[in-house]
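Asker: Sharing work01.csv here; it has CSV, C-alpha atoms.
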```
chain,number,residue,atom,x,y,z
A,1,MET,CA,-73.4,114.6,3.7
A,2,PHE,CA,-73.2,112.6,7.0
A,3,LYS,CA,-71.1,110.0,5.3
A,4,ARG,CA,-68.5,112.6,4.3
A,5,LEU,CA,-68.6,114.1,7.8
A,6,ILE,CA,-67.6,110.8,9.5
A,7,SER,CA,-65.4,109.3,6.7
A,8,THR,CA,-61.9,108.4,7.9
A,9,SER,CA,-59.2,105.9,7.4
A,10,GLY,CA,-57.8,103.4,9.9
A,11,ASP,CA,-54.7,105.5,10.3
A,12,VAL,CA,-53.4,105.2,13.9
A,13,THR,CA,-51.4,108.5,13.5
A,14,LEU,CA,-54.8,110.3,13.3
A,15,THR,CA,-55.8,108.4,16.5
A,16,ILE,CA,-52.8,109.7,18.3
A,17,LEU,CA,-53.4,113.2,17.3
A,18,ARG,CA,-57.1,113.0,18.1
A,19,LEU,CA,-56.6,111.5,21.5
A,20,THR,CA,-53.8,114.0,22.4
A,21,LEU,CA,-55.9,117.0,21.4
A,22,GLY,CA,-59.0,115.5,23.0
A,23,VAL,CA,-57.4,114.8,26.4
A,24,VAL,CA,-55.8,118.3,26.5
A,25,PHE,CA,-59.0,120.1,25.6
A,26,PHE,CA,-61.2,117.9,27.8
A,27,ALA,CA,-59.0,118.7,30.8
A,28,HIS,CA,-59.1,122.5,30.0
A,29,GLY,CA,-62.9,122.2,29.4
A,30,ALA,CA,-63.4,120.3,32.7
A,31,GLN,CA,-61.6,123.1,34.5
A,32,LYS,CA,-63.9,125.6,33.0
A,33,MET,CA,-67.2,123.6,33.1
A,34,LEU,CA,-66.8,121.5,36.3
A,35,GLY,CA,-64.0,123.1,38.3
A,36,TRP,CA,-61.9,120.0,38.0
A,37,PHE,CA,-58.1,120.1,38.0
A,38,GLY,CA,-57.9,123.4,39.9
A,39,GLY,CA,-60.4,125.3,37.6
A,40,TYR,CA,-63.0,127.8,38.6
A,41,GLY,CA,-66.0,126.0,37.3
A,42,PHE,CA,-68.7,127.2,35.1
A,43,SER,CA,-69.9,130.3,37.0
A,44,GLY,CA,-66.3,131.4,37.8
A,45,THR,CA,-65.1,131.0,34.3
A,46,MET,CA,-68.2,132.8,32.8
A,47,GLY,CA,-67.6,135.7,35.2
A,48,PHE,CA,-63.9,135.9,34.2
A,49,PHE,CA,-64.7,135.7,30.5
A,50,THR,CA,-67.5,138.3,30.6
A,51,HIS,CA,-66.2,140.8,33.2
A,52,GLN,CA,-62.4,140.6,32.8
A,53,LEU,CA,-62.0,139.7,29.2
A,54,HIS,CA,-65.3,141.4,28.1
A,55,ILE,CA,-66.4,138.4,26.0
A,56,PRO,CA,-70.1,138.4,25.3
A,57,ALA,CA,-71.9,135.7,27.4
A,58,PRO,CA,-73.0,133.5,24.4
A,59,LEU,CA,-69.4,133.4,23.1
A,60,ALA,CA,-68.0,132.7,26.6
A,61,PHE,CA,-70.4,129.8,26.9
A,62,LEU,CA,-69.5,128.5,23.4
A,63,ALA,CA,-65.8,128.6,24.4
A,64,ILE,CA,-66.4,126.5,27.5
A,65,ALA,CA,-68.7,124.0,25.6
A,66,THR,CA,-66.2,123.7,22.8
A,67,GLU,CA,-63.4,122.7,25.1
A,68,PHE,CA,-65.4,120.4,27.3
A,69,PHE,CA,-67.7,118.7,24.8
A,70,GLY,CA,-65.3,119.0,21.9
A,71,GLY,CA,-62.6,117.3,23.9
A,72,LEU,CA,-64.9,114.5,24.9
A,73,GLY,CA,-66.0,114.2,21.2
A,74,LEU,CA,-62.4,113.9,20.1
A,75,ILE,CA,-61.6,111.3,22.7
A,76,LEU,CA,-64.5,109.2,21.5
A,77,GLY,CA,-63.8,110.0,17.8
A,78,LEU,CA,-67.4,111.1,17.5
A,79,LEU,CA,-68.1,113.6,14.7
A,80,THR,CA,-64.5,114.5,14.9
A,81,ARG,CA,-64.5,117.2,12.3
A,82,ILE,CA,-67.0,119.3,14.2
A,83,PRO,CA,-64.9,119.6,17.4
A,84,ALA,CA,-61.7,120.0,15.4
A,85,LEU,CA,-63.2,122.9,13.6
A,86,GLY,CA,-64.5,124.4,16.8
A,87,ILE,CA,-61.2,124.1,18.7
A,88,GLY,CA,-59.2,125.4,15.7
A,89,ALA,CA,-61.5,128.4,15.4
A,90,GLU,CA,-61.3,129.0,19.2
A,91,MET,CA,-57.5,128.9,19.2
A,92,ILE,CA,-57.4,131.4,16.3
A,93,ALA,CA,-59.6,133.8,18.3
A,94,VAL,CA,-57.6,133.3,21.5
A,95,ILE,CA,-54.4,134.2,19.7
A,96,PHE,CA,-55.8,137.5,18.4
A,97,MET,CA,-57.8,138.4,21.5
A,98,VAL,CA,-55.2,137.5,24.2
A,99,HIS,CA,-51.8,136.1,23.3
A,100,LEU,CA,-50.5,137.9,20.2
A,101,PRO,CA,-49.1,140.8,22.2
A,102,ASN,CA,-47.1,138.4,24.3
A,103,GLY,CA,-45.1,137.1,21.4
A,104,PHE,CA,-44.5,133.6,20.2
A,105,PHE,CA,-43.0,131.8,23.2
A,106,MET,CA,-44.8,130.5,26.2
A,107,ASN,CA,-43.8,132.2,29.5
A,108,TRP,CA,-41.5,129.4,30.8
A,109,THR,CA,-39.4,131.7,33.0
A,110,GLY,CA,-42.1,134.2,34.1
A,111,ALA,CA,-40.2,137.0,32.5
A,112,GLN,CA,-43.0,138.2,30.2
A,113,LYS,CA,-46.4,139.5,31.2
A,114,GLY,CA,-48.4,136.7,29.7
A,115,GLU,CA,-48.2,133.5,27.6
A,116,GLY,CA,-47.3,133.5,23.9
A,117,PHE,CA,-49.1,131.7,21.2
A,118,GLU,CA,-46.9,128.7,20.3
A,119,TYR,CA,-49.2,126.2,22.1
A,120,HIS,CA,-52.2,127.6,20.2
A,121,LEU,CA,-50.5,127.1,16.8
A,122,LEU,CA,-49.9,123.4,17.7
A,123,ALA,CA,-53.6,123.0,18.5
A,124,ILE,CA,-54.6,124.7,15.3
A,125,ALA,CA,-52.3,122.4,13.3
A,126,ILE,CA,-53.6,119.2,14.9
A,127,SER,CA,-57.2,120.5,14.4
A,128,ALA,CA,-56.5,121.1,10.8
A,129,VAL,CA,-55.2,117.6,10.2
A,130,LEU,CA,-58.3,116.1,12.0
A,131,LEU,CA,-60.6,118.4,10.0
A,132,LEU,CA,-59.1,117.3,6.7
A,133,ARG,CA,-58.5,113.6,7.4
A,134,GLY,CA,-60.9,112.6,10.1
A,135,ALA,CA,-60.7,110.6,13.3
A,136,GLY,CA,-58.6,107.6,12.3
A,137,ALA,CA,-58.6,104.2,13.8
A,138,TYR,CA,-60.4,103.3,17.1
A,139,SER,CA,-63.1,105.9,16.7
A,140,VAL,CA,-66.9,106.0,16.6
A,141,ASP,CA,-66.6,107.7,13.2
A,142,ARG,CA,-64.6,104.8,11.9
A,143,ALA,CA,-67.1,102.3,13.2
A,144,LEU,CA,-70.0,104.2,11.7
A,145,SER,CA,-68.3,104.7,8.4
A,146,LYS,CA,-67.8,101.0,7.7
```
Would you mind giving the structure from this file in structure tokens?

Answerer:
Amino acid sequence: MFKRLISTSGDVTLTILRLTLGVVFFAHGAQKMLGWFGGYGFSGTMGFFTHQLHIPAPLAFLAIATEFFGGLGLILGLLTRIPALGIGAEMIAVIFMVHLPNGFFMNWTGAQKGEGFEYHLLAIAISAVLLLRGAGAYSVDRALSK
């Protein structure tokens, strides 16, 4: 079972996808977990998720941990399928809980009341590829699977 979890090819394309998704989600997670990059930190984000968005505290914590630790795991290529599944599932939930009423497109001009879900679809697609194919070259998974 563990061997199947970490199996991957030496495909550099997967590495590019993994690192891109990992860096983006680590940065978003660091905003939420540590307050880096202009974020509100753990307590501020938990307060926003639980009071403003009415997300139960365990799920709010899971979202923060998924982005922070999942992003870090993707950067390292460590158990890549697990963070890919978590991020993909989180993005599906975020589309339906927040962004679907705002339409497809992001709010580039400030003309709509919120952001659309195009970014989330890209994250879901990249997560699906990593879930199916693994971490690719230059990953802990690849080193362990040899």

Asker: Provide the atom CA of A:Ala60 to atom CA of A:Glu115 distance in Å, to one decimal place.

Answerer: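 These atoms are spaced 19.8 Å apart.
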
Asker: For stretch 133-144 of chain A, list every protein, DNA or RNA residue within 7 Å, evaluated using only C-alpha atoms, and leave out those in the same chain fewer than 6 positions away; present the list as number ranges by chain.

Answerer: A: 6-12, 14-15, 18, 76-81

Asker: Got a sec: who's within 12 Å of stretch 49-58 of chain A, counting all atoms listed in the file, leaving out chain neighbours fewer than 5 positions off, as a PyMOL selection string?

Answerer: chain A and resi 32+40-44+63-65+93-94+97-98

Asker: Quick one: everything within 12 Å of stretch 112-114 of chain A, counting all atoms listed in the file, minus sequence neighbours fewer than 2 positions away in the same chain. Send it as a ChimeraX atom specification.

Answerer: /A:95,98-110,116-117

Asker: Neighbouring residues of A:Leu121 were defined as those with any atom within 10 Å, considering only C-alpha atoms; residues of the same chain fewer than 2 positions away were excluded. Please report them as an mmCIF file with C-alpha atoms, keeping the file's coordinate frame.

Answerer:
```
data_model
loop_
_atom_site.group_PDB
_atom_site.id
_atom_site.type_symbol
_atom_site.label_atom_id
_atom_site.label_comp_id
_atom_site.auth_asym_id
_atom_site.auth_seq_id
_atom_site.Cartn_x
_atom_site.Cartn_y
_atom_site.Cartn_z
ATOM 1 C CA GLY A 88 -59.200 125.400 15.700
ATOM 2 C CA MET A 91 -57.500 128.900 19.200
ATOM 3 C CA ILE A 92 -57.400 131.400 16.300
ATOM 4 C CA ILE A 95 -54.400 134.200 19.700
ATOM 5 C CA PHE A 104 -44.500 133.600 20.200
ATOM 6 C CA PHE A 117 -49.100 131.700 21.200
ATOM 7 C CA GLU A 118 -46.900 128.700 20.300
ATOM 8 C CA TYR A 119 -49.200 126.200 22.100
ATOM 9 C CA ALA A 123 -53.600 123.000 18.500
ATOM 10 C CA ILE A 124 -54.600 124.700 15.300
ATOM 11 C CA ALA A 125 -52.300 122.400 13.300
ATOM 12 C CA ILE A 126 -53.600 119.200 14.900
ATOM 13 C CA SER A 127 -57.200 120.500 14.400
#
```
